[in-house]
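Visitor: Next up, run.txt (compact mmCIF, C-alpha atoms).
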# COMPACT_ATOMS: atom_id res chain seq x y z
CA MET J 17 0.00 0.00 0.00
CA ALA J 18 1.37 3.40 -0.96
CA GLU J 19 2.39 5.59 1.90
CA GLU J 20 -0.16 8.32 2.50
CA GLU J 21 1.05 11.86 2.16
CA PRO J 22 0.82 13.87 5.34
CA ILE J 23 -2.25 16.06 5.28
CA ASN J 24 -2.12 19.73 6.13
CA TRP J 25 -5.32 19.98 8.12
CA LYS J 26 -5.34 23.71 8.47
CA GLU J 27 -7.16 24.61 5.28
CA PRO J 28 -9.69 21.75 5.22
CA ALA J 29 -10.32 22.38 8.91
CA GLN J 30 -11.02 26.03 8.22
CA GLU J 31 -13.43 25.19 5.41
CA ILE J 32 -15.25 22.54 7.40
CA THR J 33 -15.58 24.82 10.39
CA ARG J 34 -16.94 27.63 8.27
CA GLY J 35 -19.44 25.20 6.79
CA VAL J 36 -20.50 23.93 10.21
CA LEU J 37 -20.93 27.42 11.57
CA GLN J 38 -22.85 28.51 8.48
CA GLY J 39 -25.20 25.58 8.98
CA ILE J 40 -25.77 26.52 12.60
CA TRP J 41 -26.29 30.22 11.79
CA ASP J 42 -28.83 29.31 9.14
CA TRP J 43 -30.68 27.24 11.66
CA PHE J 44 -30.57 29.85 14.43
CA ARG J 45 -31.98 32.55 12.23
CA GLY J 46 -34.69 30.30 10.92
CA ARG J 47 -33.71 30.53 7.27
CA ASN J 48 -35.78 27.47 6.43
CA ARG J 49 -38.95 28.54 8.19
CA LYS J 50 -42.18 27.94 6.35
CA PRO J 51 -44.00 31.12 5.19
CA SER J 52 -46.82 30.42 7.66
CA GLU J 53 -44.33 30.66 10.51
CA PHE J 54 -43.01 34.12 9.77
CA SER J 55 -45.56 35.87 11.97
CA ASP J 56 -43.97 34.09 14.93
CA PRO J 57 -40.73 35.96 15.57
CA VAL J 58 -37.64 33.82 15.77
CA ARG J 59 -36.93 33.20 19.43
CA GLY J 60 -33.39 33.54 20.67
CA ILE J 61 -30.92 31.12 22.16
CA LEU J 62 -29.73 31.24 25.76
CA ILE J 63 -26.26 30.01 26.67
CA LEU J 64 -25.94 29.07 30.31
CA GLY J 65 -23.33 27.31 32.40
CA PRO J 66 -20.72 27.72 35.11
CA GLY J 67 -17.92 30.25 34.69
CA GLY J 68 -14.93 29.25 32.58
CA THR J 69 -16.64 26.62 30.44
CA GLY J 70 -16.42 28.55 27.17
CA LYS J 71 -19.89 30.12 26.88
CA THR J 72 -18.71 33.41 25.44
CA THR J 73 -16.30 31.67 23.09
CA PHE J 74 -19.14 29.47 21.84
CA ALA J 75 -21.39 32.50 21.33
CA ARG J 76 -18.65 34.35 19.48
CA PHE J 77 -18.11 31.44 17.17
CA LEU J 78 -21.82 31.17 16.51
CA SER J 79 -22.25 34.87 15.88
CA GLY J 80 -19.19 35.05 13.69
CA GLU J 81 -17.59 37.59 16.01
CA LEU J 82 -14.47 35.62 16.73
CA ASP J 83 -12.69 33.87 13.94
CA TRP J 84 -10.97 30.95 15.65
CA LEU J 85 -8.76 30.60 12.61
CA GLN J 86 -7.14 33.91 13.41
CA ASP J 87 -7.37 33.91 17.17
CA THR J 88 -6.52 30.68 18.93
CA THR J 89 -4.47 32.26 21.67
CA GLY J 90 -7.14 34.44 23.22
CA GLN J 91 -6.96 34.60 26.98
CA TYR J 92 -9.87 33.85 29.22
CA THR J 93 -12.01 36.93 29.75
CA GLU J 94 -14.74 36.68 32.30
CA SER J 95 -18.21 37.98 31.43
CA VAL J 96 -19.30 40.52 34.01
CA GLY J 97 -22.90 40.81 32.87
CA LEU J 98 -25.32 39.57 30.24
CA GLU J 99 -23.79 39.48 26.79
CA HIS J 100 -25.91 39.74 23.69
CA PHE J 101 -24.68 38.52 20.34
CA ALA J 102 -26.57 39.08 17.13
CA LEU J 103 -25.99 36.67 14.33
CA SER J 104 -23.69 38.23 11.79
CA ASP J 105 -26.27 38.27 9.04
CA ASP J 106 -29.48 38.56 11.02
CA PRO J 107 -29.42 41.06 13.89
CA ASP J 108 -32.95 40.05 14.93
CA VAL J 109 -31.85 36.71 16.31
CA GLU J 110 -30.08 37.05 19.60
CA VAL J 111 -27.76 34.70 21.38
CA VAL J 112 -27.75 35.64 25.07
CA VAL J 113 -24.89 34.59 27.33
CA ALA J 114 -25.30 34.70 31.10
CA PRO J 115 -22.30 35.24 33.37
CA GLY J 116 -21.35 31.98 35.03
CA GLN J 117 -19.66 32.92 38.30
CA ASP J 118 -21.70 31.76 41.24
CA TYR J 119 -21.80 35.18 42.91
CA ARG J 120 -22.95 36.88 39.69
CA ARG J 121 -25.88 34.54 39.15
CA PRO J 122 -28.37 36.19 41.58
CA SER J 123 -28.29 39.49 39.66
CA THR J 124 -28.94 38.02 36.22
CA TRP J 125 -30.21 34.45 36.30
CA PRO J 126 -33.64 34.79 37.95
CA GLU J 127 -34.97 36.97 35.15
CA LEU J 128 -33.42 34.78 32.47
CA LEU J 129 -34.88 31.66 34.02
CA SER J 130 -38.33 33.30 34.15
CA GLN J 131 -37.91 34.04 30.47
CA VAL J 132 -37.05 30.40 29.83
CA ALA J 133 -40.28 29.37 31.56
CA ALA J 134 -42.22 31.93 29.52
CA GLY J 135 -40.88 30.46 26.29
CA ALA J 136 -38.71 33.43 25.30
CA TYR J 137 -35.98 31.10 24.08
CA ARG J 138 -36.39 28.35 21.53
CA GLY J 139 -33.34 26.63 22.89
CA VAL J 140 -30.84 26.61 25.72
CA VAL J 141 -27.21 25.67 25.27
CA LEU J 142 -25.82 24.38 28.54
CA MET J 143 -22.05 24.59 28.55
CA ASN J 144 -19.98 22.11 30.54
CA ALA J 145 -16.33 21.10 30.43
CA TYR J 146 -16.10 17.95 32.57
CA GLY J 147 -14.86 20.14 35.39
CA TYR J 148 -12.00 21.66 33.41
CA HIS J 149 -13.22 25.18 34.03
CA THR J 150 -10.94 28.16 33.68
CA PHE J 151 -10.84 30.26 36.82
CA SER J 152 -9.57 33.71 37.69
CA THR J 153 -7.90 33.49 41.08
CA PRO J 154 -4.39 34.64 40.18
CA SER J 155 -2.93 31.27 41.17
CA TYR J 156 -4.32 27.86 42.09
CA GLN J 157 -2.58 28.44 45.42
CA ASN J 158 -5.12 31.21 46.14
CA HIS J 159 -8.02 28.86 45.48
CA ARG J 160 -10.27 27.90 48.39
CA LEU J 161 -9.71 24.20 47.62
CA TYR J 162 -5.91 24.36 47.68
CA LYS J 163 -4.49 22.76 50.81
CA GLY J 164 -0.82 22.40 49.92
CA SER J 165 -0.76 19.76 47.18
CA LYS J 166 -1.35 20.57 43.52
CA PRO J 167 -2.50 17.05 42.49
CA ASP J 168 -4.96 16.93 45.40
CA PHE J 169 -6.18 20.39 44.51
CA LEU J 170 -6.78 19.45 40.88
CA ARG J 171 -8.68 16.31 41.84
CA GLU J 172 -10.88 18.23 44.22
CA TYR J 173 -11.27 21.18 41.87
CA TYR J 174 -12.47 19.14 38.89
CA ALA J 175 -14.92 17.23 41.10
CA ASP J 176 -16.21 20.49 42.58
CA ARG J 177 -16.74 21.99 39.13
CA ARG J 178 -18.55 18.87 37.91
CA SER J 179 -20.89 19.28 40.85
CA ASP J 180 -21.44 22.89 39.86
CA GLU J 181 -22.38 21.81 36.34
CA ILE J 182 -25.11 19.62 37.81
CA ARG J 183 -26.19 22.44 40.15
CA VAL J 184 -26.67 24.69 37.12
CA LEU J 185 -28.81 22.06 35.41
CA LYS J 186 -30.86 21.60 38.58
CA GLN J 187 -31.36 25.36 38.76
CA LEU J 188 -32.54 25.44 35.16
CA ALA J 189 -34.69 22.31 35.32
CA PRO J 190 -37.79 23.66 37.15
CA HIS J 191 -38.05 26.56 34.71
CA LEU J 192 -37.52 24.41 31.67
CA SER J 193 -40.10 21.95 33.00
CA ILE J 194 -42.86 24.58 32.84
CA CYS J 195 -41.78 26.15 29.56
CA SER J 196 -44.90 27.22 27.73
CA LYS J 197 -43.47 26.63 24.25
CA ARG J 198 -41.47 23.92 22.53
CA VAL J 199 -37.90 24.11 23.65
CA TRP J 200 -34.70 22.17 23.19
CA LEU J 201 -31.64 21.80 25.36
CA LEU J 202 -28.20 21.23 23.91
CA SER J 203 -25.64 20.10 26.48
CA VAL J 204 -22.22 20.93 25.18
CA VAL J 205 -19.24 19.33 26.87
CA ALA J 206 -16.39 21.55 25.72
CA LYS J 207 -12.61 21.38 26.08
CA GLN J 208 -12.37 17.91 24.61
CA ASP J 209 -8.71 18.64 23.93
CA LEU J 210 -8.17 18.38 27.71
CA TRP J 211 -10.14 15.19 28.36
CA GLY J 212 -10.32 13.43 24.98
CA SER J 213 -8.65 10.22 26.16
CA GLN J 214 -11.32 9.89 28.87
CA GLN J 215 -14.19 9.99 26.37
CA ARG J 216 -15.77 6.87 27.87
CA GLU J 217 -15.72 8.22 31.44
CA VAL J 218 -16.99 11.57 30.24
CA GLU J 219 -19.90 9.99 28.40
CA GLU J 220 -20.60 7.81 31.42
CA HIS J 221 -20.68 10.91 33.61
CA TYR J 222 -23.08 12.87 31.42
CA LEU J 223 -25.14 10.20 29.73
CA ARG J 224 -25.75 7.88 32.67
CA GLY J 225 -25.23 9.77 35.91
CA ASP J 226 -27.16 12.46 37.82
CA TYR J 227 -26.93 14.77 34.85
CA ALA J 228 -28.80 12.41 32.56
CA ALA J 229 -31.34 11.62 35.29
CA GLU J 230 -32.19 15.31 35.61
CA LEU J 231 -32.67 15.60 31.86
CA GLN J 232 -34.88 12.52 31.89
CA ARG J 233 -37.10 14.13 34.52
CA ILE J 234 -37.56 17.26 32.40
CA SER J 235 -38.28 15.13 29.37
CA GLN J 236 -40.88 13.08 31.24
CA THR J 237 -42.59 16.25 32.47
CA LEU J 238 -42.76 18.00 29.11
CA GLY J 239 -42.97 15.03 26.76
CA ASN J 240 -41.08 14.41 23.55
CA ARG J 241 -43.18 16.77 21.47
CA SER J 242 -42.42 19.76 23.67
CA PHE J 243 -38.86 19.05 24.71
CA ARG J 244 -35.83 17.59 23.09
CA TYR J 245 -32.31 17.32 24.40
CA GLU J 246 -29.06 16.54 22.69
CA TRP J 247 -25.35 16.34 23.38
CA GLY J 248 -22.25 17.76 21.83
CA PHE J 249 -18.71 16.80 22.84
CA LEU J 250 -16.21 19.16 21.32
CA SER J 251 -13.32 21.56 21.45
CA LEU J 252 -13.46 25.09 20.17
CA ILE J 253 -9.85 25.97 20.89
CA ILE J 254 -6.84 23.76 21.55
CA ARG J 255 -5.26 25.27 24.62
CA ASN J 256 -3.75 24.19 27.91
CA LEU J 257 -5.68 24.93 31.08
CA GLU J 258 -3.68 27.60 32.89
CA THR J 259 -4.16 30.07 35.69
CA MET J 260 -3.83 33.83 35.27
CA ALA J 261 -0.26 33.46 36.52
CA SER J 262 0.34 31.03 33.63
CA GLU J 263 0.67 27.99 35.88
CA ARG J 264 -0.24 24.94 33.86
CA LEU J 265 -3.04 22.87 35.38
CA GLN J 266 -3.81 20.55 32.51
CA SER J 267 -2.04 20.14 29.19
CA ASN J 268 -4.07 19.51 26.09
CA GLU J 269 -3.80 15.90 25.11
CA ALA J 270 -1.01 14.74 22.85
CA GLY J 271 -2.49 13.91 19.48
CA TYR J 272 -5.55 16.11 19.84
CA ASP J 273 -5.20 18.26 16.77
CA MET J 274 -7.17 20.35 14.30
CA ARG J 275 -8.43 17.18 12.66
CA GLN J 276 -10.03 15.93 15.84
CA MET J 277 -11.39 19.35 16.62
CA THR J 278 -12.95 19.52 13.18
CA ASP J 279 -14.42 16.04 13.60
CA SER J 280 -16.01 17.14 16.86
CA LEU J 281 -17.56 20.15 15.11
CA ARG J 282 -18.87 17.91 12.34
CA ARG J 283 -20.56 15.74 14.93
CA LEU J 284 -22.05 18.88 16.46
CA LEU J 285 -23.55 19.76 13.10
CA THR J 286 -25.19 16.33 12.96
CA VAL J 287 -26.68 16.95 16.40
CA VAL J 288 -27.85 20.40 15.40
CA THR J 289 -29.41 19.00 12.25
CA GLY J 290 -31.40 16.59 14.44
CA LEU J 291 -32.63 19.47 16.59
CA LYS J 292 -33.57 21.44 13.52
CA ARG J 293 -35.58 18.51 12.20
CA TRP J 294 -37.36 18.27 15.54
CA GLU J 295 -38.12 22.01 15.46
CA ASP J 296 -39.64 21.65 12.00
CA GLU J 297 -41.97 18.87 13.14
CA ARG J 298 -45.47 20.08 13.81
CA MET N 21 6.25 30.19 32.26
CA SER N 22 7.66 28.12 35.08
CA GLU N 23 5.94 27.47 38.38
CA THR N 24 8.34 29.88 40.07
CA THR N 25 6.03 32.77 39.17
CA LEU N 26 5.68 35.10 42.12
CA ILE N 27 2.32 34.61 43.76
CA ASP N 28 0.69 36.75 46.43
CA THR N 29 -0.84 34.86 49.29
CA PRO N 30 -4.58 35.49 49.67
CA ASP N 31 -3.87 37.96 52.50
CA GLU N 32 -1.25 39.78 50.46
CA PHE N 33 -3.61 39.80 47.51
CA THR N 34 -6.45 41.46 49.40
CA ALA N 35 -4.05 43.89 51.13
CA ARG N 36 -2.85 45.05 47.70
CA ALA N 37 -6.10 44.77 45.79
CA ILE N 38 -8.34 46.81 48.07
CA PRO N 39 -6.30 50.04 47.89
CA LEU N 40 -6.00 49.54 44.12
CA LEU N 41 -9.75 49.10 43.76
CA LYS N 42 -10.31 52.30 45.77
CA GLU N 43 -7.67 54.23 43.84
CA TYR N 44 -8.97 53.30 40.42
CA LEU N 45 -12.57 53.84 41.40
CA GLU N 46 -11.63 57.42 42.29
CA LYS N 47 -9.54 57.88 39.13
CA LEU N 48 -12.24 56.59 36.83
CA LEU N 49 -14.92 58.66 38.57
CA THR N 50 -12.76 61.75 38.07
CA LEU N 51 -12.18 60.84 34.44
CA LYS N 52 -15.88 60.31 33.91
CA GLU N 53 -16.64 63.72 35.42
CA GLN N 54 -13.97 65.34 33.22
CA ILE N 55 -15.61 63.86 30.11
CA ARG N 56 -19.01 65.17 31.18
CA GLN N 57 -17.66 68.60 32.16
CA LEU N 58 -15.80 68.94 28.87
CA TRP N 59 -19.04 68.43 26.99
CA ILE N 60 -20.84 71.01 29.16
CA ASP N 61 -18.03 73.51 28.57
CA TYR N 62 -18.23 72.78 24.87
CA GLN N 63 -21.95 73.57 24.85
CA THR N 64 -21.36 76.84 26.70
CA GLU N 65 -20.75 79.86 24.58
CA SER N 66 -17.22 81.13 25.15
CA PRO N 67 -15.26 83.53 22.95
CA LYS N 68 -12.02 82.27 24.53
CA TYR N 69 -11.13 79.77 21.79
CA GLY N 70 -12.51 81.69 18.84
CA THR N 71 -12.76 79.73 15.62
CA ASN N 72 -10.52 76.97 17.04
CA LYS N 73 -13.09 75.94 19.65
CA LYS N 74 -14.18 72.76 17.89
CA ILE N 75 -10.63 71.59 17.20
CA ILE N 76 -9.48 72.27 20.77
CA PHE N 77 -12.43 70.52 22.40
CA HIS N 78 -12.10 67.59 20.05
CA ALA N 79 -8.42 67.27 20.95
CA GLU N 80 -9.21 67.40 24.67
CA TYR N 81 -11.94 64.82 24.24
CA ASN N 82 -9.50 62.59 22.40
CA ASN N 83 -6.98 62.90 25.21
CA LEU N 84 -9.57 61.78 27.77
CA SER N 85 -10.74 59.01 25.47
CA GLU N 86 -7.20 57.72 24.96
CA LYS N 87 -6.49 57.83 28.68
CA THR N 88 -9.64 55.81 29.32
CA LYS N 89 -8.73 53.28 26.67
CA ARG N 90 -5.35 52.74 28.33
CA ILE N 91 -6.61 52.49 31.89
CA VAL N 92 -9.74 50.40 31.39
CA PRO N 93 -8.10 47.19 30.08
CA ALA N 94 -5.66 47.19 32.98
CA VAL N 95 -8.54 47.78 35.40
CA MET N 96 -10.39 44.87 33.81
CA GLN N 97 -7.37 42.65 34.44
CA LEU N 98 -7.41 43.65 38.09
CA ASN N 99 -11.17 43.15 38.23
CA GLN N 100 -10.90 39.65 36.82
CA GLN N 101 -8.41 38.60 39.47
CA VAL N 102 -10.59 40.10 42.19
CA SER N 103 -13.61 38.36 40.71
CA GLY N 104 -11.72 35.08 40.84
CA MET N 105 -11.02 35.62 44.52
CA VAL N 106 -14.66 36.52 45.21
CA ASP N 107 -15.89 33.48 43.33
CA GLN N 108 -13.43 30.79 44.38
CA GLY N 109 -10.62 32.39 46.39
CA LYS N 110 -9.38 31.45 49.81
CA VAL N 111 -10.75 34.50 51.65
CA THR N 112 -12.87 35.03 54.76
CA PRO N 113 -16.58 35.72 54.25
CA LEU N 114 -16.13 39.36 55.29
CA MET N 115 -13.19 39.84 52.96
CA ARG N 116 -15.18 38.23 50.17
CA ALA N 117 -18.04 40.67 50.82
CA GLU N 118 -15.69 43.66 50.79
CA LEU N 119 -14.03 42.54 47.55
CA GLN N 120 -17.42 41.90 45.96
CA LEU N 121 -18.75 45.34 46.94
CA ARG N 122 -15.66 47.19 45.76
CA LEU N 123 -15.61 45.17 42.54
CA ALA N 124 -19.29 45.97 41.88
CA GLU N 125 -18.57 49.70 42.22
CA LEU N 126 -15.55 49.60 39.94
CA GLU N 127 -17.31 47.47 37.31
CA SER N 128 -20.22 49.93 37.32
CA VAL N 129 -17.98 52.90 36.71
CA VAL N 130 -16.14 51.04 33.92
CA PHE N 131 -19.52 50.50 32.28
CA ASP N 132 -20.51 54.16 32.90
CA ILE N 133 -17.32 55.63 31.53
CA ASN N 134 -17.65 53.72 28.29
CA SER N 135 -21.18 55.00 27.88
CA SER N 136 -20.05 58.55 28.84
CA LEU N 137 -17.51 58.46 26.04
CA GLN N 138 -20.34 57.71 23.63
CA THR N 139 -22.84 60.17 25.11
CA TYR N 140 -20.46 63.11 25.40
CA ARG N 141 -18.52 62.50 22.23
CA ILE N 142 -17.09 65.66 20.67
CA THR N 143 -16.35 65.32 17.00
CA LYS N 144 -14.12 67.52 14.89
Represent the structure from my file as structure tokens, please.

Guide:
Amino acid sequence: MAEEEPINWKEPAQEITRGVLQGIWDWFRGRNRKPSEFSDPVRGILILGPGGTGKTTFARFLSGELDWLQDTTGQYTESVGLEHFALSDDPDVEVVVAPGQDYRRPSTWPELLSQVAAGAYRGVVLMNAYGYHTFSTPSYQNHRLYKGSKPDFLREYYADRRSDEIRVLKQLAPHLSICSKRVWLLSVVAKQDLWGSQQREVEEHYLRGDYAAELQRISQTLGNRSFRYEWGFLSLIIRNLETMASERLQSNEAGYDMRQMTDSLRRLLTVVTGLKRWEDER
Amino acid sequence: MSETTLIDTPDEFTARAIPLLKEYLEKLLTLKEQIRQLWIDYQTESPKYGTNKKIIFHAEYNNLSEKTKRIVPAVMQLNQQVSGMVDQGKVTPLMRAELQLRLAELESVVFDINSSLQTYRITK
């Protein structure tokens, strides 16, 4: 068998990503709506999740604001309030991102959650990262969970953040369960470049544990015609997990490259296509 | 960067951060007031600058705008570290409350000053 030439993944990856994003934008702005549906304004998308999971990055990608092809080194910037992103070619459709820090939630989340219940959003993207959340204490040594050992800290930190992901879902669940209009939930587990080799454990955690049980409860309450949930496991940026003082907490996995990132985005498009089909069902 | 990066202990952090939060709250409030006052002065009839009035006020507005653009990103860096300490830092409940309150004030004025630059814009 002839030896395969090494592939430069940069250009195909760029094209595929553009295509995936274009597909998602088209869906968000309701390009394929039937004429009879135009009187019903396109409802927005809410992106919710703990701090440091990549909500703003995801929204920027979706809105076309950040071109990941040009900017893959961007530092973590915390959202201090609600962020609104209009889709690049349809300013009427809004992607709303809520700040994720626990202490910021009381000033913004109650109203957003009421809006979820009232059907203001056609879908909610719940961002998770299997506990690999970026945080802003200058060093891990300033973190409340640090007790002198970095490995112990990391173990405890990731577990703590996974618990917070479930807390966020539990906070959202009662509001979603009384949503007056059809609504979907897309659980995105980002930062696959940090946990890719643990795919099985990650899927176990989200698809079979407390997280899945909570989703099942919402689904049972609303029924399949009114509620649909899906999963996406992906990476938006390949980057080590570091503190503000540039201390490395977790290196991205050897072998996780643009090709794998692109594959994860392709799979996301398949998921999104399924949601779109469900939305179109009457 | 290696793990030998200099790190403040939580106590050192709060001891340094609180005076900085106070100092930059005052500085940004002053800057915000200067932007507003400049616009009021611009609206007031004054023969002092003659036909150069527009150019002079525009230049002064630009100076304030540039100063803001240099200070705000650095303030945001400070704010993010403080926010990290409020959210997940090893601080006492009272210290957390103080940091949160001071951060809320500084974040508000950062928001205000950006909107002041838009509202009181002086064009050439």

Visitor: Please identify every residue of chain J that has at least one atom no more than 12 Å from any atom of chain N, counting only C-alpha atoms, and report them as a PyMOL selection string.

Guide: chain J and resi 66-68+91-97+115-121+123+149-163+166+173+176-177+258-265

Visitor: To one decimal place, how far is atom CA of N:Lys89 from atom CA of J:Glu99 in Å?

Guide: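 So the two atoms, atom CA of N:Lys89 and atom CA of J:Glu99, lie 20.4 Å apart.
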
Visitor: For stretch 55-67 of chain N, find every residue with an atom within 8 Å (counting all atoms listed in the file), except residues of its own chain fewer than 6 positions away, and show them as a VMD selection string.

Guide: chain N and resid 73 77 80 to 81 84 136 to 137 140 to 142

Visitor: Given the selection you just returned, output its residues as a file containing C-alpha atoms, formatted as a PDB file, keeping the file's coordinate frame.

Guide:
ATOM      1  CA  LYS N  73     -13.090  75.940  19.650  1.00  0.00           C
ATOM      2  CA  PHE N  77     -12.430  70.520  22.400  1.00  0.00           C
ATOM      3  CA  GLU N  80      -9.210  67.400  24.670  1.00  0.00           C
ATOM      4  CA  TYR N  81     -11.940  64.820  24.240  1.00  0.00           C
ATOM      5  CA  LEU N  84      -9.570  61.780  27.770  1.00  0.00           C
ATOM      6  CA  SER N 136     -20.050  58.550  28.840  1.00  0.00           C
ATOM      7  CA  LEU N 137     -17.510  58.460  26.040  1.00  0.00           C
ATOM      8  CA  TYR N 140     -20.460  63.110  25.400  1.00  0.00           C
ATOM      9  CA  ARG N 141     -18.520  62.500  22.230  1.00  0.00           C
ATOM     10  CA  ILE N 142     -17.090  65.660  20.670  1.00  0.00           C
TER      11      ILE N 142
END

Visitor: Atoms are missing here; could stretch 138-157 of chain J be completed with N, CA and C atoms and written as a compact mmCIF listing (two decimals), in the coordinates of the input?

Guide:
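After the write, part-v9.txt holds the following:
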# COMPACT_ATOMS: atom_id res chain seq x y z
N ARG J 138 -36.04 29.62 22.20
CA ARG J 138 -36.39 28.35 21.53
C ARG J 138 -35.45 27.24 21.95
N GLY J 139 -34.29 27.64 22.48
CA GLY J 139 -33.34 26.63 22.89
C GLY J 139 -32.36 27.16 23.92
N VAL J 140 -31.85 26.25 24.72
CA VAL J 140 -30.84 26.61 25.72
C VAL J 140 -29.61 25.74 25.46
N VAL J 141 -28.47 26.41 25.37
CA VAL J 141 -27.21 25.67 25.27
C VAL J 141 -26.60 25.67 26.66
N LEU J 142 -26.40 24.49 27.21
CA LEU J 142 -25.82 24.38 28.54
C LEU J 142 -24.36 23.96 28.38
N MET J 143 -23.48 24.86 28.76
CA MET J 143 -22.05 24.59 28.55
C MET J 143 -21.45 23.90 29.77
N ASN J 144 -20.71 22.85 29.51
CA ASN J 144 -19.98 22.11 30.54
C ASN J 144 -18.57 21.87 30.02
N ALA J 145 -17.69 21.39 30.90
CA ALA J 145 -16.33 21.10 30.43
C ALA J 145 -15.71 19.98 31.25
N TYR J 146 -16.55 19.07 31.74
CA TYR J 146 -16.10 17.95 32.57
C TYR J 146 -15.21 18.46 33.72
N GLY J 147 -15.58 19.58 34.25
CA GLY J 147 -14.86 20.14 35.39
C GLY J 147 -13.63 20.96 35.04
N TYR J 148 -13.22 20.94 33.79
CA TYR J 148 -12.00 21.66 33.41
C TYR J 148 -12.32 23.14 33.15
N HIS J 149 -12.80 23.79 34.18
CA HIS J 149 -13.22 25.18 34.03
C HIS J 149 -12.04 26.12 34.27
N THR J 150 -11.97 27.14 33.44
CA THR J 150 -10.94 28.16 33.68
C THR J 150 -11.39 29.02 34.86
N PHE J 151 -10.46 29.39 35.70
CA PHE J 151 -10.84 30.26 36.82
C PHE J 151 -9.88 31.44 36.92
N SER J 152 -10.29 32.43 37.71
CA SER J 152 -9.57 33.71 37.69
C SER J 152 -8.82 34.03 38.97
N THR J 153 -8.79 33.14 39.95
CA THR J 153 -7.90 33.49 41.08
C THR J 153 -6.51 33.54 40.46
N PRO J 154 -5.67 34.48 40.88
CA PRO J 154 -4.39 34.64 40.18
C PRO J 154 -3.60 33.34 40.10
N SER J 155 -3.65 32.54 41.15
CA SER J 155 -2.93 31.27 41.17
C SER J 155 -3.83 30.19 41.77
N TYR J 156 -3.55 28.93 41.43
CA TYR J 156 -4.32 27.86 42.09
C TYR J 156 -4.06 27.84 43.59
N GLN J 157 -2.90 28.43 43.98
CA GLN J 157 -2.58 28.44 45.42
C GLN J 157 -3.47 29.41 46.20
